[in-house]
$ cat structure.cif   # mmCIF, C-alpha atoms and all ligand atoms
data_my_file
loop_
_atom_site.label_atom_id
_atom_site.label_comp_id
_atom_site.auth_asym_id
_atom_site.auth_seq_id
_atom_site.Cartn_x
_atom_site.Cartn_y
_atom_site.Cartn_z
CA MET A 1 15.51 23.18 25.99
CA THR A 2 14.29 19.99 27.57
CA TYR A 3 15.45 18.33 30.72
CA LEU A 4 14.40 15.20 32.51
CA GLY A 5 12.90 15.00 35.92
CA SER A 6 12.49 17.67 38.53
CA PRO A 7 15.47 19.93 39.13
CA ARG A 8 15.98 18.15 42.45
CA GLN A 9 16.45 14.83 40.67
CA VAL A 10 18.85 15.77 37.95
CA GLY A 11 20.44 18.79 39.44
CA LEU A 12 19.82 22.18 37.96
CA GLU A 13 21.83 21.65 34.82
CA MET A 14 19.95 20.90 31.66
CA ALA A 15 20.69 17.48 30.27
CA SER A 16 22.02 17.43 26.71
CA THR A 17 20.13 15.65 23.98
CA ASP A 18 22.68 12.86 23.96
CA GLU A 19 22.32 12.38 27.68
CA LEU A 20 18.56 12.26 27.36
CA THR A 21 18.69 9.77 24.54
CA GLU A 22 21.02 7.55 26.53
CA LYS A 23 18.87 7.81 29.60
CA VAL A 24 15.82 6.73 27.64
CA ALA A 25 17.78 3.90 26.00
CA SER A 26 19.09 2.51 29.26
CA ARG A 27 15.65 2.70 30.91
CA VAL A 28 14.10 0.82 27.99
CA ASP A 29 16.90 -1.75 27.90
CA GLY A 30 16.53 -2.23 31.65
CA ARG A 31 12.92 -3.28 31.24
CA SER A 32 13.21 -5.28 28.04
CA GLU A 33 12.03 -8.48 29.76
CA GLU A 34 8.97 -6.74 31.09
CA ILE A 35 8.23 -5.40 27.60
CA GLN A 36 8.60 -8.81 26.04
CA ASP A 37 6.46 -10.38 28.76
CA LEU A 38 3.57 -7.99 28.16
CA PHE A 39 3.91 -8.50 24.42
CA VAL A 40 3.61 -12.28 24.77
CA ARG A 41 0.70 -12.11 27.21
CA MET A 42 -1.19 -9.72 24.96
CA LEU A 43 -0.68 -11.83 21.83
CA ARG A 44 -2.12 -14.83 23.66
CA ILE A 45 -5.49 -13.05 23.77
CA VAL A 46 -7.26 -13.66 20.47
CA SER A 47 -8.53 -10.40 18.98
CA VAL A 48 -9.40 -11.36 15.44
CA ASN A 49 -11.74 -8.79 13.90
CA PRO A 50 -15.39 -9.84 14.40
CA ARG A 51 -16.14 -9.24 10.71
CA MET A 52 -13.55 -11.94 10.00
CA GLY A 53 -15.08 -14.50 12.33
CA GLY A 54 -13.19 -13.55 15.51
CA PRO A 55 -14.20 -12.47 18.99
CA GLY A 56 -13.09 -8.84 18.47
CA GLU A 57 -10.92 -6.61 20.62
CA ARG A 58 -12.79 -6.61 23.94
CA GLU A 59 -10.74 -9.07 25.95
CA ARG A 60 -7.46 -7.63 24.71
CA ALA A 61 -8.69 -4.11 25.51
CA ASP A 62 -9.69 -5.17 29.06
CA PHE A 63 -6.25 -6.65 29.55
CA LEU A 64 -4.46 -3.52 28.31
CA GLU A 65 -6.71 -1.20 30.26
CA SER A 66 -6.02 -2.93 33.56
CA PHE A 67 -2.28 -3.07 32.83
CA MET A 68 -2.22 0.66 32.06
CA LYS A 69 -4.25 1.55 35.14
CA GLY A 70 -1.92 -0.59 37.24
CA LYS A 71 0.93 1.59 35.99
CA GLY A 72 -0.84 4.75 37.08
CA LEU A 73 -2.04 5.92 33.67
CA SER A 74 -5.55 7.30 33.39
CA VAL A 75 -7.25 5.53 30.55
CA VAL A 76 -9.98 6.85 28.26
CA ARG A 77 -12.16 4.12 26.80
CA ALA A 78 -14.11 5.25 23.72
CA GLU A 79 -16.67 2.62 22.79
CA VAL A 80 -18.50 2.40 19.50
CA ASN A 81 -21.78 0.52 19.23
CA ASP A 82 -21.59 -2.55 17.04
CA PRO A 83 -24.58 -4.80 17.69
CA ASP A 84 -23.14 -7.45 15.38
CA SER A 85 -20.03 -7.96 17.50
CA PRO A 86 -19.72 -10.07 20.66
CA GLY A 87 -20.61 -7.72 23.53
CA GLY A 88 -22.25 -5.17 21.22
CA VAL A 89 -19.52 -2.50 21.43
CA ARG A 90 -16.03 -2.06 20.03
CA PRO A 91 -13.42 -0.61 22.40
CA ASN A 92 -10.80 2.06 21.67
CA LEU A 93 -8.32 2.99 24.42
CA SER A 94 -6.24 6.07 25.02
CA ALA A 95 -3.82 7.45 27.58
CA LYS A 96 -1.64 10.52 27.56
CA LEU A 97 0.90 12.51 29.52
CA GLU A 98 0.49 16.26 29.77
CA GLY A 99 3.05 18.57 28.27
CA ARG A 100 3.83 22.25 28.70
CA ASP A 101 1.54 23.09 25.78
CA ASN A 102 -1.44 20.91 26.55
CA ARG A 103 -3.49 21.95 23.53
CA ARG A 104 -1.60 19.64 21.23
CA THR A 105 -0.53 16.02 21.37
CA LEU A 106 2.01 13.74 19.76
CA TRP A 107 -0.11 10.63 19.16
CA TYR A 108 1.03 7.09 18.48
CA ILE A 109 -1.86 5.20 16.90
CA SER A 110 -1.91 1.42 16.68
CA HIS A 111 -4.66 -1.18 16.36
CA MET A 112 -5.73 -4.04 18.61
CA ASP A 113 -7.55 -6.20 16.06
CA THR A 114 -5.87 -8.79 13.86
CA VAL A 115 -6.75 -10.84 10.82
CA PRO A 116 -7.44 -14.58 11.34
CA GLU A 117 -4.59 -17.07 11.34
CA GLY A 118 -5.47 -18.45 7.90
CA SER A 119 -4.58 -22.02 7.13
CA ARG A 120 -3.21 -23.66 10.30
CA ASP A 121 -1.16 -26.18 8.31
CA LEU A 122 1.12 -23.37 7.19
CA TRP A 123 2.03 -22.39 10.75
CA LYS A 124 4.99 -24.07 12.42
CA THR A 125 3.72 -22.97 15.85
CA ASP A 126 0.33 -22.19 17.40
CA PRO A 127 -0.58 -18.68 16.11
CA PHE A 128 -2.22 -17.85 19.44
CA GLU A 129 0.47 -19.30 21.69
CA PRO A 130 3.34 -16.87 21.08
CA THR A 131 6.63 -18.68 20.60
CA VAL A 132 9.99 -17.01 21.20
CA LYS A 133 12.76 -18.27 18.98
CA ASP A 134 15.95 -16.74 17.55
CA GLY A 135 15.09 -13.30 18.89
CA LYS A 136 11.64 -13.33 17.31
CA VAL A 137 8.15 -13.72 18.69
CA PHE A 138 5.94 -15.78 16.39
CA ALA A 139 2.18 -15.18 16.68
CA ARG A 140 -0.74 -13.77 14.71
CA GLY A 141 -0.68 -10.01 15.18
CA ALA A 142 2.94 -9.93 16.44
CA GLU A 143 4.00 -7.52 13.70
CA ASP A 144 0.60 -6.20 12.69
CA ASN A 145 0.15 -4.32 14.95
CA GLY A 146 1.21 -5.74 18.33
CA GLN A 147 4.85 -4.67 18.18
CA SER A 148 4.02 -1.00 17.70
CA LEU A 149 1.22 -1.07 20.25
CA VAL A 150 3.49 -2.40 23.00
CA ALA A 151 6.40 -0.16 21.91
CA SER A 152 4.26 2.98 22.12
CA LEU A 153 2.81 1.91 25.47
CA PHE A 154 6.26 1.41 27.00
CA ALA A 155 7.51 4.64 25.45
CA LEU A 156 4.73 6.40 27.33
CA LEU A 157 5.53 4.59 30.58
CA THR A 158 9.22 5.39 30.22
CA LEU A 159 8.47 9.10 29.77
CA LYS A 160 6.12 8.99 32.74
CA GLU A 161 8.64 7.32 35.02
CA LEU A 162 11.42 9.68 33.97
CA GLU A 163 9.04 12.55 34.82
CA ALA A 164 10.18 14.06 31.58
CA SER A 165 9.21 17.64 30.89
CA LEU A 166 7.39 17.39 27.59
CA PRO A 167 6.93 20.22 25.09
CA TYR A 168 3.37 19.01 24.35
CA ASN A 169 1.19 16.08 25.37
CA VAL A 170 2.29 12.61 24.36
CA GLY A 171 -0.38 9.95 24.00
CA VAL A 172 -1.35 6.60 22.58
CA TRP A 173 -4.50 5.24 21.00
CA PHE A 174 -5.14 1.53 20.73
CA VAL A 175 -7.98 1.26 18.24
CA ALA A 176 -10.46 -1.29 16.94
CA ASP A 177 -11.39 -2.42 13.47
CA GLU A 178 -8.37 -1.37 11.42
CA GLU A 179 -8.40 -4.64 9.51
CA PHE A 180 -11.92 -4.06 8.26
CA GLY A 181 -12.06 -0.41 7.28
CA SER A 182 -11.81 1.35 10.70
CA GLY A 183 -15.56 2.08 10.81
CA TYR A 184 -15.60 1.22 14.55
CA GLY A 185 -12.14 2.65 15.20
CA ILE A 186 -10.29 5.65 13.84
CA ALA A 187 -13.08 6.77 11.51
CA GLN A 188 -15.39 7.15 14.55
CA LEU A 189 -12.74 8.85 16.68
CA LEU A 190 -12.13 11.40 13.93
CA LYS A 191 -15.88 12.08 13.77
CA ARG A 192 -15.83 12.70 17.51
CA HIS A 193 -13.16 15.39 16.97
CA LEU A 194 -10.63 13.78 19.28
CA PHE A 195 -7.73 15.11 17.19
CA THR A 196 -6.78 18.57 15.96
CA GLU A 197 -4.79 19.87 13.02
CA ARG A 198 -2.06 20.90 15.44
CA ASP A 199 -1.55 17.34 16.68
CA LEU A 200 1.45 15.30 15.56
CA VAL A 201 0.22 11.91 14.43
CA VAL A 202 2.42 8.84 14.03
CA VAL A 203 0.85 5.64 12.69
CA PRO A 204 3.37 2.82 13.21
CA ASP A 205 1.50 0.32 11.02
CA ALA A 206 3.83 -0.05 8.04
CA GLY A 207 7.58 0.09 7.80
CA SER A 208 10.84 -1.35 6.60
CA PRO A 209 13.40 -3.85 7.96
CA ARG A 210 15.99 -1.26 8.98
CA GLY A 211 13.51 1.44 9.89
CA THR A 212 14.67 3.73 7.12
CA ASP A 213 11.29 4.42 5.48
CA ILE A 214 9.04 7.16 6.78
CA GLU A 215 5.84 7.08 4.76
CA ILE A 216 4.23 10.46 4.23
CA ALA A 217 1.97 9.87 1.22
CA GLU A 218 -0.50 7.28 -0.02
CA LYS A 219 -2.26 6.84 -3.32
CA GLY A 220 -6.01 7.15 -3.77
CA LEU A 221 -7.77 3.87 -4.43
CA LEU A 222 -10.54 3.20 -6.93
CA TRP A 223 -11.85 -0.26 -7.80
CA MET A 224 -14.10 -0.13 -10.85
CA LYS A 225 -16.56 -2.80 -11.96
CA ILE A 226 -17.81 -2.46 -15.52
CA THR A 227 -20.69 -4.56 -16.80
CA THR A 228 -21.48 -4.69 -20.51
CA LYS A 229 -24.81 -6.00 -21.76
CA GLY A 230 -25.04 -7.80 -25.08
CA LYS A 231 -27.32 -10.40 -26.56
CA GLN A 232 -26.54 -14.08 -26.08
CA VAL A 233 -26.83 -16.28 -29.19
CA HIS A 234 -25.42 -19.47 -30.72
CA GLY A 235 -21.75 -19.30 -31.71
CA SER A 236 -22.61 -19.83 -35.36
CA LEU A 237 -25.00 -16.86 -35.59
CA PRO A 238 -23.09 -13.78 -34.42
CA LYS A 239 -25.19 -11.38 -36.52
CA LYS A 240 -28.29 -12.26 -34.47
CA GLY A 241 -26.72 -11.16 -31.18
CA LEU A 242 -24.24 -8.78 -29.65
CA ASN A 243 -21.00 -10.22 -28.25
CA ALA A 244 -20.68 -8.52 -24.86
CA HIS A 245 -17.21 -9.99 -24.38
CA ARG A 246 -15.87 -8.30 -27.52
CA VAL A 247 -17.37 -4.94 -26.54
CA GLY A 248 -15.98 -5.36 -23.01
CA MET A 249 -12.50 -6.20 -24.27
CA ARG A 250 -12.43 -3.18 -26.57
CA LEU A 251 -13.67 -0.95 -23.80
CA ALA A 252 -11.04 -2.30 -21.38
CA ILE A 253 -8.27 -1.61 -23.88
CA GLU A 254 -9.47 1.92 -24.56
CA LEU A 255 -9.78 2.66 -20.83
CA ASP A 256 -6.29 1.27 -20.29
CA GLN A 257 -4.87 3.60 -22.96
CA LEU A 258 -6.93 6.58 -21.88
CA LEU A 259 -6.13 6.45 -18.16
CA ASN A 260 -2.48 5.41 -18.35
CA GLY A 261 -1.99 8.00 -21.10
CA LYS A 262 -3.65 10.91 -19.36
CA TYR A 263 -2.68 10.61 -15.66
CA ARG A 264 1.06 10.57 -16.17
CA LYS A 265 2.46 12.82 -13.45
CA ARG A 266 5.31 11.36 -11.43
CA ASN A 267 6.10 11.60 -7.74
CA ARG A 268 9.55 10.39 -6.73
CA LEU A 269 8.40 9.57 -3.18
CA PHE A 270 6.71 6.44 -4.45
CA ASP A 271 8.66 3.33 -5.44
CA TYR A 272 6.13 3.02 -8.25
CA PRO A 273 6.25 6.73 -9.06
CA VAL A 274 3.17 7.06 -11.30
CA SER A 275 -0.51 6.29 -10.90
CA SER A 276 -1.50 2.78 -11.92
CA PHE A 277 -4.62 1.65 -13.78
CA GLU A 278 -4.64 -2.13 -14.07
CA PRO A 279 -7.32 -4.38 -15.55
CA THR A 280 -7.50 -7.21 -13.00
CA LYS A 281 -10.48 -9.41 -12.25
CA LYS A 282 -12.60 -10.88 -15.03
CA GLU A 283 -15.88 -12.62 -14.20
CA ALA A 284 -16.58 -15.88 -15.95
CA ASN A 285 -19.16 -15.61 -18.71
CA VAL A 286 -20.61 -18.56 -20.63
CA GLY A 287 -19.82 -22.14 -19.65
CA ASN A 288 -19.25 -23.42 -23.18
CA VAL A 289 -17.26 -22.35 -26.19
CA ASN A 290 -20.12 -22.28 -28.71
CA THR A 291 -22.22 -19.58 -27.05
CA ILE A 292 -21.69 -15.88 -27.70
CA PRO A 293 -21.80 -14.17 -24.30
CA GLY A 294 -24.61 -11.73 -23.52
CA LYS A 295 -22.88 -10.27 -20.48
CA ASP A 296 -19.33 -9.22 -19.70
CA VAL A 297 -17.89 -8.05 -16.40
CA PHE A 298 -14.38 -6.75 -15.82
CA TYR A 299 -12.60 -4.77 -13.12
CA PHE A 300 -9.83 -2.19 -12.85
CA ASP A 301 -7.63 -1.57 -9.83
CA CYS A 302 -6.62 2.10 -9.89
CA ARG A 303 -3.98 3.61 -7.55
CA VAL A 304 -3.90 7.32 -8.14
CA LEU A 305 -1.32 9.85 -6.98
CA PRO A 306 -2.73 12.31 -4.42
CA VAL A 307 -2.32 15.16 -6.94
CA TYR A 308 -5.28 13.81 -8.94
CA SER A 309 -8.95 13.59 -8.02
CA LEU A 310 -10.67 10.21 -8.23
CA ASP A 311 -13.82 12.02 -9.37
CA ASP A 312 -11.98 13.20 -12.50
CA VAL A 313 -10.87 9.65 -13.24
CA GLU A 314 -14.44 8.46 -12.79
CA LYS A 315 -15.77 11.17 -15.12
CA ASP A 316 -13.36 10.14 -17.85
CA VAL A 317 -14.39 6.52 -17.52
CA LYS A 318 -18.09 7.36 -17.69
CA LYS A 319 -17.59 9.50 -20.78
CA LYS A 320 -15.83 6.64 -22.54
CA ILE A 321 -18.65 4.30 -21.50
CA GLN A 322 -21.25 6.62 -23.04
CA GLN A 323 -19.33 6.64 -26.34
CA PHE A 324 -19.39 2.84 -26.32
CA GLU A 325 -23.09 2.72 -25.49
CA ARG A 326 -23.88 4.93 -28.50
CA LYS A 327 -21.57 3.03 -30.80
CA TYR A 328 -22.88 -0.45 -29.89
CA HIS A 329 -26.48 0.49 -29.03
CA THR A 330 -26.29 -1.22 -25.69
CA SER A 331 -26.05 -0.43 -22.01
CA ILE A 332 -22.90 -0.54 -19.93
CA SER A 333 -22.92 0.03 -16.19
CA PHE A 334 -20.22 1.42 -13.95
CA GLU A 335 -19.79 0.72 -10.26
CA ALA A 336 -17.11 2.05 -7.92
CA VAL A 337 -16.73 -1.06 -5.76
CA GLN A 338 -14.23 0.72 -3.54
CA LYS A 339 -13.34 4.40 -3.53
CA GLU A 340 -10.89 5.89 -1.04
CA PRO A 341 -9.52 9.26 -2.09
CA ALA A 342 -6.01 10.08 -0.89
CA GLY A 343 -5.50 12.84 1.59
CA PRO A 344 -2.84 15.40 0.70
CA ALA A 345 0.70 14.10 1.18
CA THR A 346 2.25 15.16 4.47
CA SER A 347 5.11 17.54 3.82
CA GLU A 348 8.69 16.40 4.34
CA ASN A 349 9.08 19.64 6.27
CA SER A 350 6.08 19.10 8.51
CA GLU A 351 6.82 19.02 12.22
CA VAL A 352 5.87 15.35 12.59
CA ALA A 353 8.00 14.21 9.65
CA VAL A 354 11.03 16.15 10.84
CA LEU A 355 10.61 15.02 14.44
CA LEU A 356 10.31 11.37 13.53
CA SER A 357 13.23 11.43 11.13
CA ARG A 358 15.45 13.01 13.76
CA ALA A 359 14.44 10.43 16.37
CA VAL A 360 15.01 7.60 13.89
CA SER A 361 18.47 8.77 12.89
CA LYS A 362 19.44 9.37 16.52
CA VAL A 363 18.21 6.03 17.90
CA SER A 364 18.27 3.60 14.96
CA LYS A 365 21.47 5.07 13.52
CA VAL A 366 20.14 4.93 9.98
CA ARG A 367 19.54 7.66 7.45
CA PRO A 368 15.76 7.91 7.05
CA ARG A 369 14.11 8.52 3.69
CA PHE A 370 10.61 9.73 2.97
CA THR A 371 8.39 7.43 0.94
CA GLY A 372 4.91 7.01 -0.47
CA ILE A 373 3.00 3.75 -0.78
CA GLY A 374 0.33 2.39 -3.09
CA GLY A 375 -1.60 0.80 -0.24
CA GLN A 376 -3.52 2.64 2.44
CA THR A 377 -3.23 2.89 6.23
CA VAL A 378 -5.33 4.83 8.72
CA GLY A 379 -2.78 7.58 8.12
CA ASN A 380 -4.80 8.42 5.04
CA LEU A 381 -7.91 9.13 7.15
CA PHE A 382 -5.97 11.63 9.24
CA ARG A 383 -4.53 13.29 6.14
CA ARG A 384 -8.01 13.58 4.67
CA ASP A 385 -8.97 15.52 7.81
CA GLY A 386 -6.03 17.88 7.31
CA ILE A 387 -3.84 16.33 10.03
CA PRO A 388 -0.21 15.72 8.98
CA THR A 389 0.68 12.09 9.63
CA ALA A 390 3.81 9.98 9.40
CA VAL A 391 3.73 6.19 9.11
CA TRP A 392 6.79 4.37 10.42
CA SER A 393 8.03 1.25 12.19
CA THR A 394 10.94 -1.22 12.03
CA ILE A 395 9.50 -4.47 10.71
CA ASP A 396 10.37 -7.26 8.31
CA ASP A 397 6.99 -6.71 6.64
CA VAL A 398 5.25 -10.07 7.15
CA PRO A 399 1.71 -8.98 8.09
CA HIS A 400 -1.15 -11.42 7.54
CA GLU A 401 1.33 -14.19 6.62
CA PRO A 402 1.55 -17.58 8.30
CA ASN A 403 4.37 -17.60 10.88
CA GLU A 404 4.03 -13.85 11.33
CA TYR A 405 6.66 -12.58 13.76
CA ALA A 406 8.19 -9.52 15.34
CA LYS A 407 11.85 -9.18 16.21
CA ILE A 408 12.39 -8.37 19.87
CA ALA A 409 15.25 -6.04 18.90
CA ASN A 410 12.81 -4.03 16.76
CA LEU A 411 10.27 -3.90 19.58
CA ILE A 412 12.91 -2.47 21.91
CA ASN A 413 14.39 -0.12 19.32
CA ASP A 414 11.01 1.35 18.35
CA THR A 415 10.14 1.86 22.03
CA LYS A 416 13.28 4.02 22.28
CA VAL A 417 12.42 5.95 19.12
CA PHE A 418 8.90 6.74 20.35
CA ALA A 419 10.16 7.83 23.77
CA THR A 420 13.02 9.90 22.34
CA ALA A 421 11.04 11.87 19.74
CA PRO A 422 9.31 14.32 22.11
CA LEU A 423 12.54 14.96 24.01
CA LEU A 424 14.48 16.29 21.03
CA PRO A 425 14.92 20.04 21.19
ZN ZN A 501 -2.05 -3.20 10.64
#
$ encode --input "structure.cif" --output "structure tokens" --more "lines below"
Ligand SMILES: [Zn+2]
Amino acid sequence: MTYLGSPRQVGLEMASTDELTEKVASRVDGRSEEIQDLFVRMLRIVSVNPRMGGPGERERADFLESFMKGKGLSVVRAEVNDPDSPGGVRPNLSAKLEGRDNRRTLWYISHMDTVPEGSRDLWKTDPFEPTVKDGKVFARGAEDNGQSLVASLFALLTLKELEASLPYNVGVWFVADEEFGSGYGIAQLLKRHLFTERDLVVVPDAGSPRGTDIEIAEKGLLWMKITTKGKQVHGSLPKKGLNAHRVGMRLAIELDQLLNGKYRKRNRLFDYPVSSFEPTKKEANVGNVNTIPGKDVFYFDCRVLPVYSLDDVEKDVKKKIQQFERKYHTSISFEAVQKEPAGPATSENSEVAVLLSRAVSKVSKVRPRFTGIGGQTVGNLFRRDGIPTAVWSTIDDVPHEPNEYAKIANLINDTKVFATAPLLP
């Protein structure tokens, strides 16, 4: 049973869940201007990832740290050395409230960095001067990931001010470098063992317009580059050479049949419920029609259900390559340009999935559904470390686009969801 405040404040009766939810909602509604104000001020501070030509997260982190300290939170600042970034370190910030069981924490993880604005011509407003219009805030990073960052921060403050008795700790992390692989953010924090398998991790960095989708699984990712060597000759003398393009095409077709034929299991969580193996990029070969190419390069984008191992896929590909090398007396090289295995799907019955879905149905008044996605979030890094993780937010899904925005109603709603979750019995 959970109640808010000290017995003196709320009387000795225990508040019902409905009362608690309403109390949280009215507190959050009462400070909606303050929430919006912090959101706008934060978005004004450019925090484009330094690997994408920006200044990085430092100024935004300083701003957030002083705001949080001003509200009486004690802030942990975990810095990661990055000599190539302005200032030489990348900041990650955390704050938490203690619960009755202080060995485990419900974490809300969001990121401070953004991608660049892209082509300015496509923006109707200045991407770094947030503009409020029709209930939306337009700015780079408004949706990805500013909305969730500010929502989780105000959820924490609301719980603190209500002096809520929490079943476990509730905390936030505002991390660096999500847009460029998380090497200076979550990946480092996981190496420093700042999370445990008993923690409840929510990554509000993907979502759906009505907040129905709770993502609990992601596919493994493998980008393959395959280079076939041949012998370049004049177009009229094919016997003298070896047409690398023909060998490459045949190989691509056989790989397509092999992989799509063999890895056929389905998982209904995913909108695209099977693994995908798609031939995508093709490098240009010769510049003229009358030369037989001596080199061929093609790529596959593979998105593999978590039930399969990427190593097995790679083994199958290499075996097929060897057959081709013997058949055509040539050499063919394989390179995994990108390889991110999927962590095990988080169970629909896991504590974090159940907790979040109850909070969503209570506050957002929608019926949540569990989903899987073909892309990857930092949720996958937690799952790979054995930590169950749910990915959720209410967003129109416009990250990285020109005229990116967040709806103020979603910002307020998600603040309520995050604050309500740990109060549900
Ligand atoms: Zn993001």
$ closest_atom_pairs --input "structure.cif" --of "stretch 183-240 of chain A" --to "stretch 166-174 of chain A" --cutoff "12 Å" --atoms "only C-alpha atoms" --output "Markdown table"
| residue | atom | partner | partner_atom | distance |
| --- | --- | --- | --- | --- |
| A:Gly185 | CA | A:Phe174 | CA | 9.0 |
| A:Ile186 | CA | A:Trp173 | CA | 9.2 |
| A:Leu189 | CA | A:Trp173 | CA | 10.0 |
| A:Leu194 | CA | A:Trp173 | CA | 10.7 |
| A:Phe195 | CA | A:Trp173 | CA | 11.1 |
| A:Arg198 | CA | A:Tyr168 | CA | 10.6 |
| A:Asp199 | CA | A:Asn169 | CA | 9.2 |
| A:Leu200 | CA | A:Val170 | CA | 9.2 |
| A:Val201 | CA | A:Gly171 | CA | 9.8 |
| A:Val202 | CA | A:Val172 | CA | 9.6 |
| A:Val203 | CA | A:Trp173 | CA | 9.9 |
| A:Pro204 | CA | A:Val172 | CA | 11.2 |
| A:Asp205 | CA | A:Phe174 | CA | 11.8 |
$ residues_around --input "structure.cif" --residues "A:Val417" --least-positions-apart "2" --cutoff "6 Å" --atoms "all atoms listed in the file" --output "list of chain:residue names"
A:Ala359, A:Val363, A:Asp414, A:Thr415, A:Ala419, A:Thr420
$ residues_near_ligand --input "structure.cif" --ligand "ligand ZN 501 (chain A)" --cutoff "7 Å" --atoms "only C-alpha atoms and all ligand atoms" --output "mmCIF file with C-alpha atoms, keeping the file's coordinate frame"
data_model
loop_
_atom_site.group_PDB
_atom_site.id
_atom_site.type_symbol
_atom_site.label_atom_id
_atom_site.label_comp_id
_atom_site.auth_asym_id
_atom_site.auth_seq_id
_atom_site.Cartn_x
_atom_site.Cartn_y
_atom_site.Cartn_z
ATOM 1 C CA HIS A 111 -4.660 -1.180 16.360
ATOM 2 C CA ASP A 144 0.600 -6.200 12.690
ATOM 3 C CA ASN A 145 0.150 -4.320 14.950
ATOM 4 C CA GLU A 178 -8.370 -1.370 11.420
ATOM 5 C CA GLU A 179 -8.400 -4.640 9.510
ATOM 6 C CA ASP A 205 1.500 0.320 11.020
#
$ atom_distance --input "structure.cif" --atom1 "atom CA of A:Ile45" --atom2 "atom CA of A:Phe382"
28.6 Å
$ residues_around --input "structure.cif" --residues "A:Asp397" --least-positions-apart "5" --cutoff "10 Å" --atoms "only C-alpha atoms" --output "list in words"
Glu143, Asp144, Asp205, Ala206, Gly207, Ser208, Pro209, Glu404, Tyr405 and Ala406 of chain A
$ atom_distance --input "structure.cif" --atom1 "atom CA of A:Thr389" --atom2 "atom CA of A:Gly372"
12.1 Å
$ closest_residue --input "structure.cif" --among "A:Asn49, A:Ser26, A:Thr227, A:Thr131" --to "A:Ala336" --atoms "all atoms listed in the file"
A:Thr227
$ closest_residue --input "structure.cif" --among "A:Pro130, A:Pro91, A:Pro422, A:Gly241" --to "A:Val75" --atoms "only C-alpha atoms"
A:Pro91
$ closest_residue --input "structure.cif" --among "A:Pro273, A:Ala25, A:Asp312, A:Asn92" --to "A:Ala187" --atoms "all atoms listed in the file"
A:Asn92
